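K.L.:
What follows is final-v2.cif, made up of mmCIF, N, CA and C atoms:
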data_start
loop_
_atom_site.label_atom_id
_atom_site.label_comp_id
_atom_site.auth_asym_id
_atom_site.auth_seq_id
_atom_site.Cartn_x
_atom_site.Cartn_y
_atom_site.Cartn_z
N MET A 1 -43.62 25.37 275.45
CA MET A 1 -43.39 24.33 276.43
C MET A 1 -41.89 24.06 276.46
N ALA A 2 -41.40 23.86 277.61
CA ALA A 2 -39.97 23.61 277.77
C ALA A 2 -39.75 22.13 277.99
N ARG A 3 -38.65 21.66 277.44
CA ARG A 3 -38.30 20.27 277.60
C ARG A 3 -36.82 20.23 277.99
N ASN A 4 -36.52 19.57 279.06
CA ASN A 4 -35.15 19.55 279.58
C ASN A 4 -34.63 20.96 279.78
N GLY A 5 -35.51 21.85 280.13
CA GLY A 5 -35.11 23.22 280.38
C GLY A 5 -34.92 24.04 279.12
N ARG A 6 -35.28 23.51 277.98
CA ARG A 6 -35.13 24.24 276.71
C ARG A 6 -36.50 24.58 276.13
N GLN A 7 -36.52 25.65 275.38
CA GLN A 7 -37.74 26.06 274.66
C GLN A 7 -37.84 25.22 273.39
N LEU A 8 -39.01 24.66 273.12
CA LEU A 8 -39.23 23.90 271.88
C LEU A 8 -39.27 24.87 270.70
N LEU A 9 -38.49 24.58 269.69
CA LEU A 9 -38.50 25.43 268.50
C LEU A 9 -39.66 25.09 267.58
N TYR A 10 -39.97 23.79 267.49
CA TYR A 10 -41.04 23.35 266.61
C TYR A 10 -42.04 22.54 267.40
N THR A 11 -43.28 22.96 267.32
CA THR A 11 -44.35 22.19 267.94
C THR A 11 -44.87 21.22 266.89
N ALA A 12 -45.64 20.27 267.34
CA ALA A 12 -46.22 19.29 266.40
C ALA A 12 -47.08 20.00 265.37
N GLU A 13 -47.83 20.99 265.82
CA GLU A 13 -48.70 21.72 264.88
C GLU A 13 -47.87 22.47 263.83
N ARG A 14 -46.77 23.06 264.28
CA ARG A 14 -45.93 23.80 263.35
C ARG A 14 -45.27 22.85 262.34
N VAL A 15 -44.83 21.68 262.79
CA VAL A 15 -44.24 20.68 261.89
C VAL A 15 -45.28 20.20 260.88
N HIS A 16 -46.50 19.93 261.35
CA HIS A 16 -47.57 19.49 260.44
C HIS A 16 -47.88 20.58 259.41
N ALA A 17 -47.91 21.82 259.84
CA ALA A 17 -48.18 22.92 258.92
C ALA A 17 -47.05 23.06 257.89
N LEU A 18 -45.82 22.90 258.35
CA LEU A 18 -44.68 22.98 257.45
C LEU A 18 -44.71 21.85 256.42
N VAL A 19 -45.02 20.64 256.88
CA VAL A 19 -45.11 19.50 255.95
C VAL A 19 -46.26 19.71 254.97
N ALA A 20 -47.39 20.21 255.45
CA ALA A 20 -48.52 20.47 254.56
C ALA A 20 -48.16 21.53 253.53
N SER A 21 -47.46 22.56 253.95
CA SER A 21 -47.03 23.61 253.03
C SER A 21 -46.07 23.05 251.98
N MET A 22 -45.13 22.23 252.42
CA MET A 22 -44.18 21.62 251.49
C MET A 22 -44.90 20.70 250.50
N GLU A 23 -45.88 19.96 250.99
CA GLU A 23 -46.65 19.07 250.13
C GLU A 23 -47.44 19.86 249.09
N ALA A 24 -48.04 20.97 249.52
CA ALA A 24 -48.80 21.82 248.58
C ALA A 24 -47.86 22.40 247.52
N THR A 25 -46.69 22.83 247.94
CA THR A 25 -45.71 23.36 247.00
C THR A 25 -45.28 22.28 246.01
N TYR A 26 -45.04 21.08 246.51
CA TYR A 26 -44.66 19.96 245.65
C TYR A 26 -45.77 19.65 244.65
N ARG A 27 -47.01 19.59 245.13
CA ARG A 27 -48.13 19.27 244.22
C ARG A 27 -48.29 20.34 243.14
N ALA A 28 -48.13 21.60 243.52
CA ALA A 28 -48.24 22.69 242.54
C ALA A 28 -47.12 22.58 241.51
N ALA A 29 -45.90 22.32 241.97
CA ALA A 29 -44.78 22.18 241.04
C ALA A 29 -44.98 20.96 240.14
N HIS A 30 -45.49 19.89 240.70
CA HIS A 30 -45.75 18.68 239.91
C HIS A 30 -46.80 18.96 238.84
N PHE A 31 -47.86 19.67 239.22
CA PHE A 31 -48.91 20.02 238.27
C PHE A 31 -48.33 20.87 237.13
N GLU A 32 -47.54 21.89 237.47
CA GLU A 32 -46.94 22.74 236.45
C GLU A 32 -46.02 21.93 235.54
N THR A 33 -45.29 20.99 236.11
CA THR A 33 -44.42 20.13 235.30
C THR A 33 -45.22 19.27 234.35
N MET A 34 -46.33 18.72 234.82
CA MET A 34 -47.17 17.87 233.97
C MET A 34 -47.82 18.69 232.85
N VAL A 35 -48.22 19.93 233.16
CA VAL A 35 -48.79 20.80 232.13
C VAL A 35 -47.74 21.11 231.06
N GLU A 36 -46.53 21.44 231.50
CA GLU A 36 -45.44 21.72 230.55
C GLU A 36 -45.10 20.48 229.73
N LEU A 37 -45.08 19.32 230.36
CA LEU A 37 -44.81 18.08 229.64
C LEU A 37 -45.86 17.85 228.56
N LYS A 38 -47.12 18.05 228.89
CA LYS A 38 -48.19 17.85 227.91
C LYS A 38 -48.05 18.84 226.76
N ARG A 39 -47.73 20.10 227.08
CA ARG A 39 -47.54 21.11 226.05
C ARG A 39 -46.39 20.71 225.11
N LEU A 40 -45.32 20.20 225.68
CA LEU A 40 -44.18 19.77 224.86
C LEU A 40 -44.52 18.54 224.02
N GLN A 41 -45.32 17.63 224.57
CA GLN A 41 -45.74 16.46 223.80
C GLN A 41 -46.58 16.87 222.60
N VAL A 42 -47.46 17.86 222.80
CA VAL A 42 -48.28 18.36 221.69
C VAL A 42 -47.38 19.01 220.64
N GLU A 43 -46.41 19.78 221.10
CA GLU A 43 -45.50 20.44 220.17
C GLU A 43 -44.67 19.43 219.39
N VAL A 44 -44.20 18.39 220.05
CA VAL A 44 -43.43 17.35 219.37
C VAL A 44 -44.30 16.64 218.33
N ALA A 45 -45.55 16.37 218.68
CA ALA A 45 -46.46 15.73 217.71
C ALA A 45 -46.67 16.63 216.50
N GLU A 46 -46.82 17.94 216.73
CA GLU A 46 -46.97 18.87 215.61
C GLU A 46 -45.71 18.90 214.75
N LEU A 47 -44.55 18.89 215.39
CA LEU A 47 -43.30 18.89 214.64
C LEU A 47 -43.11 17.61 213.84
N ARG A 48 -43.52 16.48 214.42
CA ARG A 48 -43.44 15.21 213.67
C ARG A 48 -44.34 15.24 212.45
N ASP A 49 -45.54 15.79 212.62
CA ASP A 49 -46.47 15.90 211.50
C ASP A 49 -45.88 16.82 210.42
N LEU A 50 -45.32 17.93 210.84
CA LEU A 50 -44.70 18.86 209.89
C LEU A 50 -43.53 18.20 209.18
N MET A 51 -42.73 17.44 209.90
CA MET A 51 -41.61 16.74 209.30
C MET A 51 -42.11 15.72 208.26
N GLY A 52 -43.19 15.03 208.57
CA GLY A 52 -43.77 14.10 207.61
C GLY A 52 -44.24 14.82 206.35
N GLN A 53 -44.85 15.97 206.53
CA GLN A 53 -45.28 16.76 205.37
C GLN A 53 -44.09 17.23 204.55
N MET A 54 -43.03 17.64 205.23
CA MET A 54 -41.83 18.09 204.52
C MET A 54 -41.18 16.93 203.76
N ARG A 55 -41.16 15.75 204.37
CA ARG A 55 -40.60 14.57 203.67
C ARG A 55 -41.42 14.26 202.42
N ALA A 56 -42.75 14.31 202.56
CA ALA A 56 -43.63 14.03 201.42
C ALA A 56 -43.41 15.05 200.32
N ALA A 57 -43.29 16.32 200.70
CA ALA A 57 -43.07 17.36 199.70
C ALA A 57 -41.72 17.17 199.00
N ARG A 58 -40.71 16.85 199.78
CA ARG A 58 -39.38 16.62 199.19
C ARG A 58 -39.39 15.42 198.25
N LEU A 59 -40.09 14.36 198.65
CA LEU A 59 -40.21 13.18 197.78
C LEU A 59 -40.93 13.54 196.49
N ALA A 60 -41.96 14.38 196.58
CA ALA A 60 -42.67 14.82 195.38
C ALA A 60 -41.75 15.62 194.46
N VAL A 61 -40.90 16.47 195.04
CA VAL A 61 -39.95 17.24 194.24
C VAL A 61 -38.95 16.31 193.56
N VAL A 62 -38.42 15.36 194.30
CA VAL A 62 -37.45 14.41 193.74
C VAL A 62 -38.09 13.62 192.60
N ASN A 63 -39.31 13.15 192.81
CA ASN A 63 -40.00 12.40 191.76
C ASN A 63 -40.27 13.27 190.53
N ALA A 64 -40.65 14.52 190.76
CA ALA A 64 -40.91 15.42 189.64
C ALA A 64 -39.62 15.71 188.87
N GLU A 65 -38.53 15.92 189.60
CA GLU A 65 -37.24 16.15 188.93
C GLU A 65 -36.82 14.93 188.12
N ALA A 66 -37.05 13.75 188.66
CA ALA A 66 -36.71 12.53 187.94
C ALA A 66 -37.56 12.39 186.68
N GLU A 67 -38.84 12.73 186.78
CA GLU A 67 -39.74 12.65 185.62
C GLU A 67 -39.30 13.66 184.55
N VAL A 68 -38.94 14.86 184.96
CA VAL A 68 -38.47 15.87 184.00
C VAL A 68 -37.19 15.37 183.32
N ALA A 69 -36.30 14.79 184.09
CA ALA A 69 -35.06 14.26 183.51
C ALA A 69 -35.35 13.16 182.50
N ARG A 70 -36.31 12.28 182.82
CA ARG A 70 -36.68 11.22 181.86
C ARG A 70 -37.27 11.81 180.59
N GLN A 71 -38.12 12.79 180.74
CA GLN A 71 -38.75 13.39 179.56
C GLN A 71 -37.73 14.15 178.72
N ARG A 72 -36.78 14.80 179.38
CA ARG A 72 -35.73 15.48 178.62
C ARG A 72 -34.88 14.47 177.85
N ALA A 73 -34.60 13.34 178.48
CA ALA A 73 -33.81 12.30 177.81
C ALA A 73 -34.56 11.77 176.59
N VAL A 74 -35.88 11.58 176.73
CA VAL A 74 -36.69 11.11 175.60
C VAL A 74 -36.69 12.16 174.50
N LEU A 75 -36.86 13.43 174.87
CA LEU A 75 -36.87 14.51 173.89
C LEU A 75 -35.53 14.61 173.17
N GLN A 76 -34.46 14.51 173.94
CA GLN A 76 -33.12 14.58 173.34
C GLN A 76 -32.90 13.41 172.39
N ALA A 77 -33.35 12.23 172.78
CA ALA A 77 -33.20 11.06 171.90
C ALA A 77 -34.04 11.25 170.64
N TRP A 78 -35.24 11.79 170.79
CA TRP A 78 -36.11 12.01 169.63
C TRP A 78 -35.50 13.05 168.70
N GLN A 79 -34.94 14.13 169.28
CA GLN A 79 -34.35 15.18 168.45
C GLN A 79 -33.09 14.70 167.75
N SER A 80 -32.35 13.81 168.38
CA SER A 80 -31.14 13.32 167.74
C SER A 80 -31.46 12.38 166.59
N GLU A 81 -32.61 11.72 166.60
CA GLU A 81 -33.01 10.81 165.52
C GLU A 81 -33.59 11.57 164.35
N ARG A 82 -34.22 12.66 164.56
CA ARG A 82 -34.94 13.39 163.52
C ARG A 82 -33.99 14.28 162.75
N ASP A 83 -34.11 14.25 161.45
CA ASP A 83 -33.34 15.13 160.58
C ASP A 83 -34.12 16.41 160.40
N PRO A 84 -33.56 17.54 160.82
CA PRO A 84 -34.31 18.78 160.73
C PRO A 84 -34.63 19.18 159.28
N GLY A 85 -33.88 18.68 158.33
CA GLY A 85 -34.15 18.98 156.92
C GLY A 85 -35.33 18.25 156.37
N GLN A 86 -35.74 17.20 156.98
CA GLN A 86 -36.87 16.39 156.52
C GLN A 86 -38.18 17.03 156.95
N ARG A 87 -39.20 16.83 156.14
CA ARG A 87 -40.53 17.29 156.53
C ARG A 87 -41.12 16.35 157.56
N LEU A 88 -41.93 16.91 158.44
CA LEU A 88 -42.63 16.07 159.41
C LEU A 88 -43.73 15.32 158.72
N GLN A 89 -43.94 14.10 159.06
CA GLN A 89 -44.99 13.28 158.43
C GLN A 89 -46.19 13.19 159.29
#
Output the structure of this file as structure tokens.
P.N.:
Amino acid sequence: MARNGRQLLYTAERVHALVASMEATYRAAHFETMVELKRLQVEVAELRDLMGQMRAARLAVVNAEAEVARQRAVLQAWQSERDPGQRLQ
């Protein structure tokens, strides 16, 4: 159809189809973004859990090292008090 002697480049149907196509593309991209976001949230939760486990393990190592140090100090104190020439009672 001509308007003012010009050929119409876009008809109403073509504009509606273009908008529908753009909307479908947007919805697909949005869906993919939400899927990726959920995957990343799951991964972050797993990493937080792993970090908590690592902190607990490190705390256990620190506590064990402290206990060993205390026991060594007790042993050293006991050995310094005992005369090796004396018989054990």
K.L.:
Per DSSP on the backbone, filter chain A down to the residues in helix (DSSP H, G or I) and report them as a PyMOL selection string.
P.N.:
chain A and resi 12-81
K.L.:
Where's the centre, and what are the edge lengths in Å to one decimal, of a box along x, y and z enclosing all listed atoms of stretch 11-20 of chain A padded 6 Å per side, as lines of an AutoDock Vina configuration file?
P.N.:
center_x = -46.0
center_y = 21.5
center_z = 260.7
size_x = 17.4
size_y = 16.5
size_z = 26.4
K.L.:
Figure out the distance between atom CA of A:Ala64 and atom N of A:Trp78, please, to one decimal in Å.
P.N.:
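Separation between atom N of A:Trp78 and atom CA of A:Ala64: 20.0 Å.
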K.L.:
Just to confirm, what's the straight-line distance from atom C of A:Gln41 to atom CA of A:Met54 in Å (one decimal)?
P.N.:
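We find that atom C of A:Gln41 and atom CA of A:Met54 lie 18.7 Å from each other.
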K.L.:
Run DSSP on the backbone and give me the residues of chain A it puts in strand (DSSP E), as a PyMOL selection string.
P.N.:
chain A and resi 2-3+6-7
K.L.:
Go ahead and compute the interatomic distance for atom N of A:Ala77 and atom C of A:Leu59, in Å to one decimal.
P.N.:
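Those two atoms sit 24.9 Å apart.
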K.L.:
Can you complete the atoms of stretch 22-33 of chain A to all heavy atoms and list them as a short mmCIF file (atom, residue, chain, number, x, y, z; two decimals), in the frame of the given file?
P.N.:
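Result written to rebuild_39.cif:
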data_model
loop_
_atom_site.label_atom_id
_atom_site.label_comp_id
_atom_site.auth_asym_id
_atom_site.auth_seq_id
_atom_site.Cartn_x
_atom_site.Cartn_y
_atom_site.Cartn_z
N MET A 22 -45.13 22.23 252.42
CA MET A 22 -44.18 21.62 251.49
C MET A 22 -44.90 20.70 250.50
O MET A 22 -44.58 20.67 249.31
CB MET A 22 -43.11 20.84 252.26
CG MET A 22 -42.16 21.74 253.03
SD MET A 22 -41.06 20.85 254.16
CE MET A 22 -40.18 19.80 253.06
N GLU A 23 -45.88 19.96 250.99
CA GLU A 23 -46.65 19.07 250.13
C GLU A 23 -47.44 19.86 249.09
O GLU A 23 -47.48 19.50 247.91
CB GLU A 23 -47.59 18.20 250.96
CG GLU A 23 -48.35 17.19 250.12
CD GLU A 23 -49.27 16.30 250.95
OE1 GLU A 23 -49.47 16.56 252.15
OE2 GLU A 23 -49.78 15.33 250.35
N ALA A 24 -48.04 20.97 249.52
CA ALA A 24 -48.80 21.82 248.58
C ALA A 24 -47.86 22.40 247.52
O ALA A 24 -48.21 22.44 246.33
CB ALA A 24 -49.51 22.93 249.34
N THR A 25 -46.69 22.83 247.94
CA THR A 25 -45.71 23.36 247.00
C THR A 25 -45.28 22.28 246.01
O THR A 25 -45.19 22.52 244.79
CB THR A 25 -44.48 23.90 247.75
OG1 THR A 25 -44.91 24.92 248.66
CG2 THR A 25 -43.45 24.47 246.79
N TYR A 26 -45.04 21.08 246.51
CA TYR A 26 -44.66 19.96 245.65
C TYR A 26 -45.77 19.65 244.65
O TYR A 26 -45.50 19.47 243.46
CB TYR A 26 -44.36 18.72 246.49
CG TYR A 26 -44.36 17.45 245.66
CD1 TYR A 26 -43.29 17.12 244.84
CD2 TYR A 26 -45.47 16.60 245.68
CE1 TYR A 26 -43.31 15.98 244.07
CE2 TYR A 26 -45.49 15.46 244.91
CZ TYR A 26 -44.42 15.14 244.11
OH TYR A 26 -44.46 14.02 243.33
N ARG A 27 -47.01 19.59 245.13
CA ARG A 27 -48.13 19.27 244.22
C ARG A 27 -48.29 20.34 243.14
O ARG A 27 -48.56 20.02 241.98
CB ARG A 27 -49.41 19.08 245.01
CG ARG A 27 -49.42 17.82 245.85
CD ARG A 27 -50.78 17.60 246.53
NE ARG A 27 -50.74 16.49 247.43
CZ ARG A 27 -50.87 15.21 247.07
NH1 ARG A 27 -51.04 14.92 245.80
NH2 ARG A 27 -50.83 14.25 247.96
N ALA A 28 -48.13 21.60 243.52
CA ALA A 28 -48.24 22.69 242.54
C ALA A 28 -47.12 22.58 241.51
O ALA A 28 -47.36 22.73 240.29
CB ALA A 28 -48.20 24.04 243.23
N ALA A 29 -45.90 22.32 241.97
CA ALA A 29 -44.78 22.18 241.04
C ALA A 29 -44.98 20.96 240.14
O ALA A 29 -44.67 21.02 238.94
CB ALA A 29 -43.47 22.06 241.83
N HIS A 30 -45.49 19.89 240.70
CA HIS A 30 -45.75 18.68 239.91
C HIS A 30 -46.80 18.96 238.84
O HIS A 30 -46.64 18.56 237.68
CB HIS A 30 -46.21 17.54 240.83
CG HIS A 30 -46.55 16.29 240.10
ND1 HIS A 30 -45.60 15.49 239.49
CD2 HIS A 30 -47.75 15.69 239.86
CE1 HIS A 30 -46.20 14.46 238.91
NE2 HIS A 30 -47.50 14.57 239.12
N PHE A 31 -47.86 19.67 239.22
CA PHE A 31 -48.91 20.02 238.27
C PHE A 31 -48.33 20.87 237.13
O PHE A 31 -48.59 20.60 235.95
CB PHE A 31 -50.05 20.76 238.96
CG PHE A 31 -51.12 21.21 238.01
CD1 PHE A 31 -52.04 20.31 237.51
CD2 PHE A 31 -51.20 22.53 237.62
CE1 PHE A 31 -53.03 20.72 236.63
CE2 PHE A 31 -52.17 22.95 236.74
CZ PHE A 31 -53.10 22.04 236.24
N GLU A 32 -47.54 21.89 237.47
CA GLU A 32 -46.94 22.74 236.45
C GLU A 32 -46.02 21.93 235.54
O GLU A 32 -46.00 22.15 234.33
CB GLU A 32 -46.16 23.87 237.11
CG GLU A 32 -47.05 24.90 237.78
CD GLU A 32 -46.26 25.94 238.56
OE1 GLU A 32 -45.02 26.00 238.39
OE2 GLU A 32 -46.89 26.67 239.33
N THR A 33 -45.29 20.99 236.11
CA THR A 33 -44.42 20.13 235.30
C THR A 33 -45.22 19.27 234.35
O THR A 33 -44.87 19.12 233.18
CB THR A 33 -43.55 19.24 236.22
OG1 THR A 33 -42.77 20.07 237.07
CG2 THR A 33 -42.64 18.34 235.41
#
